[in-house]
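Colleague: What follows is the file upload09.txt, containing compact mmCIF, C-alpha atoms:
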# COMPACT_ATOMS: atom_id res chain seq x y z
CA MET R 1 5.26 -34.37 67.78
CA SER R 2 5.19 -34.07 64.01
CA VAL R 3 8.22 -33.68 61.78
CA ALA R 4 7.37 -30.02 61.20
CA ASP R 5 7.18 -29.35 64.92
CA GLN R 6 10.50 -31.09 65.47
CA ALA R 7 12.11 -29.00 62.73
CA ARG R 8 10.66 -25.81 64.22
CA LEU R 9 11.99 -26.70 67.67
CA ALA R 10 15.44 -27.54 66.29
CA GLU R 11 15.59 -24.25 64.40
CA THR R 12 14.52 -22.27 67.48
CA GLU R 13 17.18 -23.91 69.62
CA ARG R 14 19.81 -23.40 66.92
CA LEU R 15 19.07 -19.70 66.70
CA ALA R 16 19.07 -19.36 70.48
CA ALA R 17 22.48 -21.01 70.63
CA ARG R 18 24.14 -18.68 68.10
CA PRO R 19 27.42 -17.17 69.28
CA PRO R 20 27.52 -13.47 70.23
CA GLY R 21 27.89 -11.02 67.39
CA GLY R 22 25.29 -12.63 65.17
CA ALA R 23 27.56 -15.36 63.79
CA VAL R 24 25.54 -18.14 62.22
CA GLU R 25 26.58 -21.75 62.00
CA LYS R 26 27.88 -22.55 58.55
CA PRO R 27 25.78 -24.99 56.55
CA ALA R 28 27.19 -28.41 55.89
CA ALA R 29 29.40 -28.65 52.84
CA PRO R 30 27.82 -30.22 49.74
CA GLY R 31 28.12 -33.98 49.81
CA LYS R 32 28.60 -34.16 53.58
CA ARG R 33 25.93 -35.74 55.77
CA ARG R 34 24.71 -33.51 58.60
CA MET R 35 25.46 -35.01 62.02
CA SER R 36 22.60 -36.06 64.28
CA GLY R 37 22.28 -34.72 67.81
CA LEU R 38 23.98 -37.77 69.35
CA GLU R 39 26.77 -37.78 66.79
CA GLU R 40 27.35 -34.08 67.34
CA SER R 41 27.54 -34.55 71.12
CA LEU R 42 30.01 -37.42 70.75
CA HIS R 43 32.04 -35.35 68.30
CA PHE R 44 32.54 -32.57 70.84
CA ALA R 45 32.78 -34.94 73.83
CA VAL R 46 35.88 -36.77 72.61
CA ARG R 47 37.53 -33.37 72.02
CA ASN R 48 36.66 -31.96 75.44
CA LYS R 49 39.60 -32.41 77.83
CA LYS R 50 37.48 -32.09 80.98
CA PHE R 51 35.06 -34.75 79.80
CA VAL R 52 37.84 -37.13 78.77
CA VAL R 53 39.85 -36.69 81.98
CA GLY R 54 36.87 -36.84 84.33
CA GLY R 55 35.30 -39.76 82.52
CA SER R 56 38.57 -41.72 82.32
CA ILE R 57 39.28 -41.34 86.04
CA THR R 58 35.72 -42.28 86.96
CA LEU R 59 35.82 -45.37 84.74
CA ALA R 60 39.21 -46.37 86.16
CA MET R 61 37.88 -46.13 89.72
CA LEU R 62 34.77 -48.09 88.72
CA LEU R 63 36.96 -50.78 87.17
CA VAL R 64 38.94 -51.10 90.41
CA ALA R 65 35.67 -51.29 92.36
CA ILE R 66 34.43 -54.14 90.16
CA ILE R 67 37.62 -56.18 89.84
CA GLY R 68 39.41 -55.26 93.08
CA PRO R 69 37.48 -57.50 95.51
CA PHE R 70 38.22 -60.52 93.32
CA LEU R 71 41.96 -59.73 93.33
CA ALA R 72 42.19 -59.42 97.11
CA GLN R 73 43.81 -62.49 98.62
CA HIS R 74 42.38 -62.00 102.11
CA PRO R 75 38.86 -61.24 103.41
CA PRO R 76 38.49 -57.54 104.31
CA LEU R 77 37.51 -58.15 107.95
CA GLU R 78 39.80 -61.11 108.65
CA TYR R 79 42.12 -60.75 111.67
CA GLY R 80 45.34 -62.58 112.41
CA GLY R 81 47.61 -61.44 109.60
CA GLN R 82 50.88 -59.60 110.01
CA LEU R 83 50.36 -56.46 112.08
CA SER R 84 51.07 -52.97 110.69
CA VAL R 85 52.89 -54.19 107.58
CA ALA R 86 53.77 -51.50 105.02
CA PRO R 87 52.59 -52.00 101.41
CA THR R 88 54.37 -54.98 99.90
CA LEU R 89 53.79 -57.64 97.28
CA LYS R 90 54.75 -60.33 99.79
CA ASP R 91 51.79 -62.40 101.00
CA GLY R 92 49.47 -60.28 98.84
CA TYR R 93 49.38 -57.24 101.14
CA TRP R 94 49.55 -54.67 98.33
CA PHE R 95 48.30 -51.80 100.54
CA GLY R 96 49.78 -53.19 103.75
CA THR R 97 47.87 -54.26 106.86
CA THR R 98 46.13 -52.47 109.70
CA LEU R 99 47.11 -52.40 113.34
CA LEU R 100 44.98 -55.53 113.77
CA GLY R 101 46.43 -57.38 110.79
CA GLN R 102 43.60 -56.78 108.32
CA ASP R 103 44.30 -56.46 104.59
CA VAL R 104 44.00 -52.76 103.64
CA PHE R 105 43.64 -53.48 99.91
CA ALA R 106 40.74 -55.85 100.52
CA GLN R 107 39.03 -53.21 102.65
CA PHE R 108 39.78 -50.51 100.08
CA ALA R 109 38.38 -52.49 97.13
CA THR R 110 35.25 -53.46 99.07
CA GLY R 111 34.71 -49.91 100.29
CA LEU R 112 35.19 -48.51 96.79
CA ARG R 113 32.56 -50.87 95.41
CA LEU R 114 30.12 -49.91 98.17
CA ALA R 115 30.74 -46.22 97.47
CA PHE R 116 29.61 -46.66 93.86
CA ILE R 117 26.61 -48.73 94.95
CA VAL R 118 25.48 -46.12 97.49
CA GLY R 119 26.07 -43.32 94.98
CA ALA R 120 24.06 -45.06 92.27
CA LEU R 121 21.17 -46.07 94.55
CA GLY R 122 21.01 -42.86 96.59
CA GLY R 123 21.50 -40.63 93.57
CA GLY R 124 19.02 -42.67 91.53
CA ILE R 125 16.29 -42.50 94.19
CA ALA R 126 16.82 -38.76 94.60
CA ALA R 127 16.75 -38.24 90.81
CA ILE R 128 13.48 -40.18 90.41
CA ILE R 129 11.75 -38.23 93.19
CA ALA R 130 13.10 -34.93 91.85
CA MET R 131 11.84 -35.69 88.34
CA LEU R 132 8.38 -36.74 89.51
CA VAL R 133 7.97 -33.67 91.72
CA GLY R 134 9.64 -31.21 89.35
CA PHE R 135 7.85 -32.34 86.19
CA THR R 136 4.44 -32.47 87.88
CA ALA R 137 4.80 -29.08 89.57
CA GLY R 138 6.17 -27.37 86.48
CA TYR R 139 3.60 -28.83 84.09
CA ARG R 140 0.47 -28.70 86.23
CA GLY R 141 1.04 -25.34 87.89
CA GLY R 142 -1.68 -23.79 90.04
CA ALA R 143 -2.63 -25.52 93.30
CA VAL R 144 -0.62 -28.65 92.46
CA ASP R 145 2.50 -26.56 92.00
CA GLU R 146 1.91 -24.70 95.27
CA VAL R 147 1.47 -27.92 97.27
CA LEU R 148 4.53 -29.63 95.76
CA ASN R 149 6.59 -26.46 96.08
CA MET R 150 5.62 -26.23 99.75
CA LEU R 151 6.63 -29.87 100.26
CA THR R 152 9.94 -29.23 98.51
CA ASN R 153 10.65 -26.18 100.67
CA VAL R 154 9.85 -28.12 103.85
CA VAL R 155 12.26 -30.91 102.98
CA LEU R 156 14.80 -28.33 101.81
CA VAL R 157 14.93 -26.49 105.15
CA ILE R 158 14.97 -29.65 107.29
CA PRO R 159 18.51 -30.29 108.61
CA THR R 160 18.81 -33.51 106.63
CA PHE R 161 22.17 -34.50 108.05
CA ALA R 162 20.85 -34.21 111.62
CA LEU R 163 17.80 -36.25 110.58
CA LEU R 164 20.04 -38.94 109.12
CA LEU R 165 22.03 -39.00 112.35
CA VAL R 166 18.92 -39.54 114.47
CA ILE R 167 17.46 -42.23 112.20
CA ALA R 168 20.74 -44.10 111.78
CA ALA R 169 21.46 -43.97 115.52
CA TYR R 170 18.19 -45.75 116.35
CA LEU R 171 18.63 -48.57 113.84
CA GLN R 172 20.07 -51.74 115.33
CA VAL R 173 21.16 -53.14 111.96
CA ARG R 174 22.31 -50.71 109.28
CA GLY R 175 23.00 -51.80 105.73
CA ILE R 176 23.95 -50.28 102.43
CA MET R 177 20.38 -50.30 101.11
CA THR R 178 19.06 -48.53 104.21
CA GLU R 179 21.74 -45.87 103.98
CA ALA R 180 21.13 -45.32 100.26
CA VAL R 181 17.35 -45.00 100.73
CA PHE R 182 17.74 -42.43 103.50
CA ILE R 183 20.17 -40.40 101.41
CA GLY R 184 17.90 -40.55 98.37
CA LEU R 185 14.81 -39.48 100.33
CA THR R 186 16.52 -36.37 101.72
CA SER R 187 18.70 -35.06 98.87
CA TRP R 188 16.17 -34.43 96.07
CA PRO R 189 14.67 -30.94 96.79
CA TRP R 190 17.26 -28.76 95.02
CA ALA R 191 17.10 -30.95 91.92
CA ALA R 192 13.28 -30.86 91.95
CA ARG R 193 13.29 -27.06 92.02
CA ALA R 194 15.72 -26.92 89.09
CA ILE R 195 13.62 -29.38 87.04
CA ARG R 196 10.46 -27.42 87.89
CA ALA R 197 12.01 -24.22 86.51
CA GLN R 198 13.12 -25.96 83.30
CA THR R 199 9.67 -27.54 82.89
CA PHE R 200 7.98 -24.14 83.21
CA SER R 201 10.12 -22.91 80.32
CA LEU R 202 9.39 -25.90 78.07
CA THR R 203 5.67 -25.96 78.85
CA SER R 204 5.20 -22.69 76.97
CA ARG R 205 6.73 -24.12 73.78
CA GLU R 206 4.56 -24.71 70.72
CA PHE R 207 5.03 -28.48 70.55
CA VAL R 208 3.65 -28.84 74.10
CA SER R 209 0.66 -26.65 73.25
CA LEU R 210 -0.03 -28.72 70.14
CA ALA R 211 0.18 -31.95 72.15
CA ARG R 212 -2.31 -30.56 74.66
CA LEU R 213 -4.72 -29.54 71.90
CA SER R 214 -4.42 -33.02 70.41
CA GLY R 215 -5.74 -34.52 73.64
CA VAL R 216 -2.52 -36.31 74.62
CA ARG R 217 -2.39 -37.38 78.26
CA SER R 218 -0.36 -35.22 80.63
CA SER R 219 1.95 -38.07 81.62
CA ARG R 220 2.72 -38.79 77.96
CA ILE R 221 3.43 -35.13 77.27
CA ILE R 222 5.81 -34.95 80.23
CA PHE R 223 7.78 -38.11 79.48
CA ARG R 224 7.56 -38.09 75.68
CA GLU R 225 7.78 -34.38 74.86
CA ILE R 226 9.29 -32.46 77.79
CA ALA R 227 11.71 -34.95 79.38
CA PRO R 228 13.62 -35.82 76.16
CA ASN R 229 14.36 -32.13 75.64
CA MET R 230 15.94 -32.07 79.13
CA SER R 231 17.85 -35.34 78.84
CA SER R 232 21.31 -33.75 78.96
CA TYR R 233 20.33 -31.60 81.95
CA LEU R 234 18.86 -34.61 83.78
CA PHE R 235 22.01 -36.63 83.19
CA MET R 236 24.23 -33.90 84.61
CA MET R 237 21.88 -33.55 87.59
CA PHE R 238 22.20 -37.28 88.30
CA ILE R 239 25.99 -37.00 88.29
CA LEU R 240 25.80 -34.29 90.96
CA LEU R 241 23.37 -36.36 93.03
CA PHE R 242 25.65 -39.38 92.60
CA GLY R 243 28.68 -37.52 93.97
CA GLY R 244 26.64 -35.96 96.76
CA ALA R 245 25.38 -39.37 97.90
CA ILE R 246 28.95 -40.66 98.09
CA LEU R 247 30.01 -37.70 100.23
CA ILE R 248 27.05 -38.02 102.61
CA ALA R 249 27.60 -41.76 102.97
CA ALA R 250 31.31 -41.26 103.66
CA THR R 251 30.48 -38.69 106.36
CA LEU R 252 27.95 -41.00 108.05
CA ASP R 253 30.41 -43.88 107.92
CA PHE R 254 33.22 -41.76 109.34
CA ILE R 255 31.23 -40.82 112.45
CA GLY R 256 30.24 -44.45 113.04
CA LEU R 257 26.69 -44.44 111.63
CA GLY R 258 27.38 -46.38 108.45
CA PRO R 259 26.75 -50.06 107.66
CA SER R 260 27.26 -52.34 110.65
CA ASN R 261 27.90 -55.52 108.69
CA THR R 262 30.61 -54.55 106.20
CA ILE R 263 33.47 -52.12 105.57
CA SER R 264 33.40 -48.83 103.66
CA LEU R 265 35.83 -46.04 102.81
CA GLY R 266 34.42 -43.83 105.56
CA MET R 267 34.68 -46.65 108.11
CA MET R 268 38.30 -47.25 107.11
CA MET R 269 39.08 -43.63 107.93
CA GLN R 270 37.15 -43.88 111.20
CA LEU R 271 39.02 -47.00 112.30
CA SER R 272 42.37 -45.49 111.37
CA VAL R 273 41.61 -42.40 113.49
CA GLN R 274 40.42 -44.51 116.42
CA ASN R 275 43.61 -46.59 116.32
CA ALA R 276 45.95 -43.57 115.99
CA ALA R 277 47.18 -44.51 112.52
CA LEU R 278 48.43 -40.98 111.90
CA GLN R 279 50.47 -40.91 115.10
CA LEU R 280 51.85 -44.38 114.36
CA HIS R 281 52.75 -43.32 110.78
CA LEU R 282 50.49 -45.96 109.25
CA TRP R 283 49.79 -43.73 106.25
CA TRP R 284 48.71 -46.68 104.07
CA TRP R 285 45.69 -47.18 106.31
CA PHE R 286 43.99 -43.77 106.05
CA LEU R 287 45.47 -42.31 102.85
CA PRO R 288 43.91 -44.67 100.23
CA PRO R 289 40.26 -44.22 101.33
CA GLY R 290 40.67 -40.45 101.67
CA LEU R 291 42.24 -40.14 98.23
CA ALA R 292 39.59 -42.42 96.73
CA ILE R 293 36.70 -40.29 98.00
CA MET R 294 38.40 -37.11 96.85
CA THR R 295 39.22 -38.61 93.44
CA ILE R 296 35.73 -39.94 92.76
CA VAL R 297 33.92 -36.73 93.74
CA GLY R 298 36.49 -34.55 91.97
CA SER R 299 36.39 -36.55 88.75
CA LEU R 300 32.58 -36.47 88.76
CA TYR R 301 32.67 -32.69 89.10
CA VAL R 302 35.16 -32.35 86.23
CA LEU R 303 33.04 -34.74 84.16
CA ASN R 304 29.94 -32.66 84.86
CA VAL R 305 31.71 -29.44 83.80
CA GLY R 306 32.87 -31.16 80.61
CA LEU R 307 29.35 -32.36 79.84
CA ASP R 308 28.04 -28.83 80.32
CA GLU R 309 30.52 -27.60 77.72
CA VAL R 310 29.57 -30.43 75.37
CA PHE R 311 25.82 -29.90 75.57
CA ASN R 312 25.91 -26.10 75.63
CA PRO R 313 26.84 -24.73 72.18
CA LYS R 314 28.01 -21.44 73.71
CA LEU R 315 30.61 -23.24 75.87
CA ARG R 316 31.89 -25.77 73.36
CA GLU R 317 35.60 -25.98 72.60
CA MET R 318 35.79 -25.97 68.82
What would the structure in this file look like if it were written as structure tokens?
Modeller:
Amino acid sequence: MSVADQARLAETERLAARPPGGAVEKPAAPGKRRMSGLEESLHFAVRNKKFVVGGSITLAMLLVAIIGPFLAQHPPLEYGGQLSVAPTLKDGYWFGTTLLGQDVFAQFATGLRLAFIVGALGGGIAAIIAMLVGFTAGYRGGAVDEVLNMLTNVVLVIPTFALLLVIAAYLQVRGIMTEAVFIGLTSWPWAARAIRAQTFSLTSREFVSLARLSGVRSSRIIFREIAPNMSSYLFMMFILLFGGAILIAATLDFIGLGPSNTISLGMMMQLSVQNAALQLHLWWWFLPPGLAIMTIVGSLYVLNVGLDEVFNPKLREM
């Protein structure tokens, strides 16, 4: 895309983003350099409370997931420790022990790390499939669009959770990678439909028409012209897929269909329920994993709302 086309696109988007009432953005003061798109986004991001709060909590949880397993003084599945010990600094049982003497903090840190891994892998796989299907359907149109739209609708109406239950139940060995792949292969349809709609809108723009007339390949037009103009939308979509993958994985783990060779946050809650932790007042067993899942998903949602306000000029907090 030429410099003139880029300028035309920027001007069109600027006019479309004008506030109600016909107010026009004031030109930069003489002597001041006009901010680039990235600098402008960062400028509003650091001033957006939702973005700062959601991002800070998410980064803090990620830091615990990375460092936590190295700080644990006992293996997460090791038996033989002190039974049902409340949280204490003695012997390194910071979150206490389970009814079987296992270190709750070690299990929590390991489960938190696995939650981020499943979210990144499952959300990433779903995002890649959604982009391939959505971009192709929205750009090609016609018979290609009808076939891909039919495929998307079929996957969309399939009871994916029931399908995951059946598949996971028949696997003798279940691991994190297997769980993430299944989640990614079943959670992409809604994102593909949203990308398809956005691609339809961008395909009618002048810079896409000029690229077509210039003989540029379709794949290059999609990933060099259309996708960059949707980068903020794609990033926010990935955040939603990331949080959704964590929730689905936690649900599968809670009902006993999670990984069979490690511990996760959902499995911690399942084991605490099976061993009557609530009735025995062992709150340190089931409360940390439940709060962690709620905190991660909640902070991702707040982060996504903040990003929407940052990228959308009509929603920005000046």
Colleague: Find the nearest atom pair between each residue of segment 188-211 of chain R and segment 226-237 of chain R for residues within 8 Å, count all atoms listed in the file, give distances in Å to one decimal, sort rows by chain and ascending number, and present the table as JSON lines.
Modeller:
{"residue": "R:Ala191", "atom": "CA", "partner": "R:Met237", "partner_atom": "CA", "distance": 7.0}
{"residue": "R:Gln198", "atom": "CA", "partner": "R:Met230", "partner_atom": "CA", "distance": 7.9}
{"residue": "R:Thr199", "atom": "CA", "partner": "R:Ile226", "partner_atom": "CA", "distance": 7.1}
{"residue": "R:Leu202", "atom": "CA", "partner": "R:Ile226", "partner_atom": "CA", "distance": 6.6}
{"residue": "R:Thr203", "atom": "CA", "partner": "R:Ile226", "partner_atom": "CA", "distance": 7.5}
{"residue": "R:Val208", "atom": "CA", "partner": "R:Ile226", "partner_atom": "CA", "distance": 7.7}
Colleague: Give me, please, the distance in Å between atom CA of Gly55 of chain R and atom CA of Ser187 of chain R, quoted to one decimal.
Modeller: 23.8 Å
Colleague: Quick one: residues within 6 Å of Arg196 of chain R, all atoms listed in the file, excluding same-chain residues fewer than 6 positions away - as a list in words?
Modeller: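 These residues fall inside the cut-off: Gly134, Phe135 and Gly138 of chain R.
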Colleague: To one decimal place, how far is atom CA of Arg224 of chain R from atom CA of Leu151 of chain R in Å?
Modeller: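 The value is 25.9 Å.
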Colleague: Closest to Arg113 of chain R among R:Leu278, R:Val310, R:Leu132, R:Met61, using only C-alpha atoms?
Modeller: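 Of R:Leu278, R:Val310, R:Leu132, R:Met61, the one nearest Arg113 of chain R is R:Met61, counting only C-alpha atoms.
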Colleague: With distances taken over only C-alpha atoms, which of R:Arg174, R:Asn304, R:Arg140, R:Ser201 is nearest to Ser218 of chain R?
Modeller: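 Nearest candidate to Ser218 of chain R out of R:Arg174, R:Asn304, R:Arg140, R:Ser201: R:Arg140.
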Colleague: Pull C-alpha atoms for segment 240-290 of chain R from the block and write them as a PDB file, in the first residue's frame.
Modeller:
ATOM      1  CA  LEU R 240     -11.243 -13.825  25.335  1.00  0.00           C
ATOM      2  CA  LEU R 241     -10.221 -17.190  23.871  1.00  0.00           C
ATOM      3  CA  PHE R 242      -7.421 -17.400  26.439  1.00  0.00           C
ATOM      4  CA  GLY R 243      -9.813 -16.914  29.359  1.00  0.00           C
ATOM      5  CA  GLY R 244     -12.377 -19.264  27.842  1.00  0.00           C
ATOM      6  CA  ALA R 245      -9.785 -22.030  27.485  1.00  0.00           C
ATOM      7  CA  ILE R 246      -8.853 -21.684  31.159  1.00  0.00           C
ATOM      8  CA  LEU R 247     -12.505 -21.980  32.209  1.00  0.00           C
ATOM      9  CA  ILE R 248     -13.161 -25.033  30.022  1.00  0.00           C
ATOM     10  CA  ALA R 249     -10.000 -26.732  31.261  1.00  0.00           C
ATOM     11  CA  ALA R 250     -10.902 -26.028  34.890  1.00  0.00           C
ATOM     12  CA  THR R 251     -14.370 -27.524  34.335  1.00  0.00           C
ATOM     13  CA  LEU R 252     -12.966 -30.679  32.728  1.00  0.00           C
ATOM     14  CA  ASP R 253     -10.427 -31.048  35.519  1.00  0.00           C
ATOM     15  CA  PHE R 254     -13.064 -30.552  38.198  1.00  0.00           C
ATOM     16  CA  ILE R 255     -15.217 -33.426  36.915  1.00  0.00           C
ATOM     17  CA  GLY R 256     -12.201 -35.729  36.717  1.00  0.00           C
ATOM     18  CA  LEU R 257     -11.434 -35.570  32.980  1.00  0.00           C
ATOM     19  CA  GLY R 258      -8.310 -33.438  33.178  1.00  0.00           C
ATOM     20  CA  PRO R 259      -4.642 -34.473  32.985  1.00  0.00           C
ATOM     21  CA  SER R 260      -3.961 -37.841  34.595  1.00  0.00           C
ATOM     22  CA  ASN R 261      -0.264 -37.300  35.248  1.00  0.00           C
ATOM     23  CA  THR R 262      -0.128 -33.949  37.059  1.00  0.00           C
ATOM     24  CA  ILE R 263      -2.137 -31.550  39.230  1.00  0.00           C
ATOM     25  CA  SER R 264      -4.225 -28.563  38.141  1.00  0.00           C
ATOM     26  CA  LEU R 265      -6.435 -25.953  39.785  1.00  0.00           C
ATOM     27  CA  GLY R 266      -9.579 -27.813  38.755  1.00  0.00           C
ATOM     28  CA  MET R 267      -8.209 -31.102  40.100  1.00  0.00           C
ATOM     29  CA  MET R 268      -7.367 -29.420  43.404  1.00  0.00           C
ATOM     30  CA  MET R 269     -11.000 -28.387  43.761  1.00  0.00           C
ATOM     31  CA  GLN R 270     -12.162 -31.870  42.768  1.00  0.00           C
ATOM     32  CA  LEU R 271      -9.934 -33.570  45.337  1.00  0.00           C
ATOM     33  CA  SER R 272     -11.005 -31.146  48.051  1.00  0.00           C
ATOM     34  CA  VAL R 273     -14.678 -31.910  47.346  1.00  0.00           C
ATOM     35  CA  GLN R 274     -14.059 -35.659  47.287  1.00  0.00           C
ATOM     36  CA  ASN R 275     -12.279 -35.500  50.653  1.00  0.00           C
ATOM     37  CA  ALA R 276     -14.926 -33.266  52.297  1.00  0.00           C
ATOM     38  CA  ALA R 277     -12.580 -30.310  52.767  1.00  0.00           C
ATOM     39  CA  LEU R 278     -15.514 -27.938  53.220  1.00  0.00           C
ATOM     40  CA  GLN R 279     -17.084 -30.060  55.957  1.00  0.00           C
ATOM     41  CA  LEU R 280     -13.704 -30.457  57.666  1.00  0.00           C
ATOM     42  CA  HIS R 281     -13.094 -26.673  57.463  1.00  0.00           C
ATOM     43  CA  LEU R 282      -9.955 -27.126  55.367  1.00  0.00           C
ATOM     44  CA  TRP R 283     -10.579 -23.824  53.579  1.00  0.00           C
ATOM     45  CA  TRP R 284      -6.927 -23.495  52.503  1.00  0.00           C
ATOM     46  CA  TRP R 285      -7.369 -26.524  50.254  1.00  0.00           C
ATOM     47  CA  PHE R 286     -10.228 -25.377  48.002  1.00  0.00           C
ATOM     48  CA  LEU R 287     -10.166 -21.581  48.374  1.00  0.00           C
ATOM     49  CA  PRO R 288      -6.819 -20.775  46.632  1.00  0.00           C
ATOM     50  CA  PRO R 289      -7.570 -22.611  43.351  1.00  0.00           C
ATOM     51  CA  GLY R 290     -11.105 -21.212  43.194  1.00  0.00           C
TER      52      GLY R 290
END
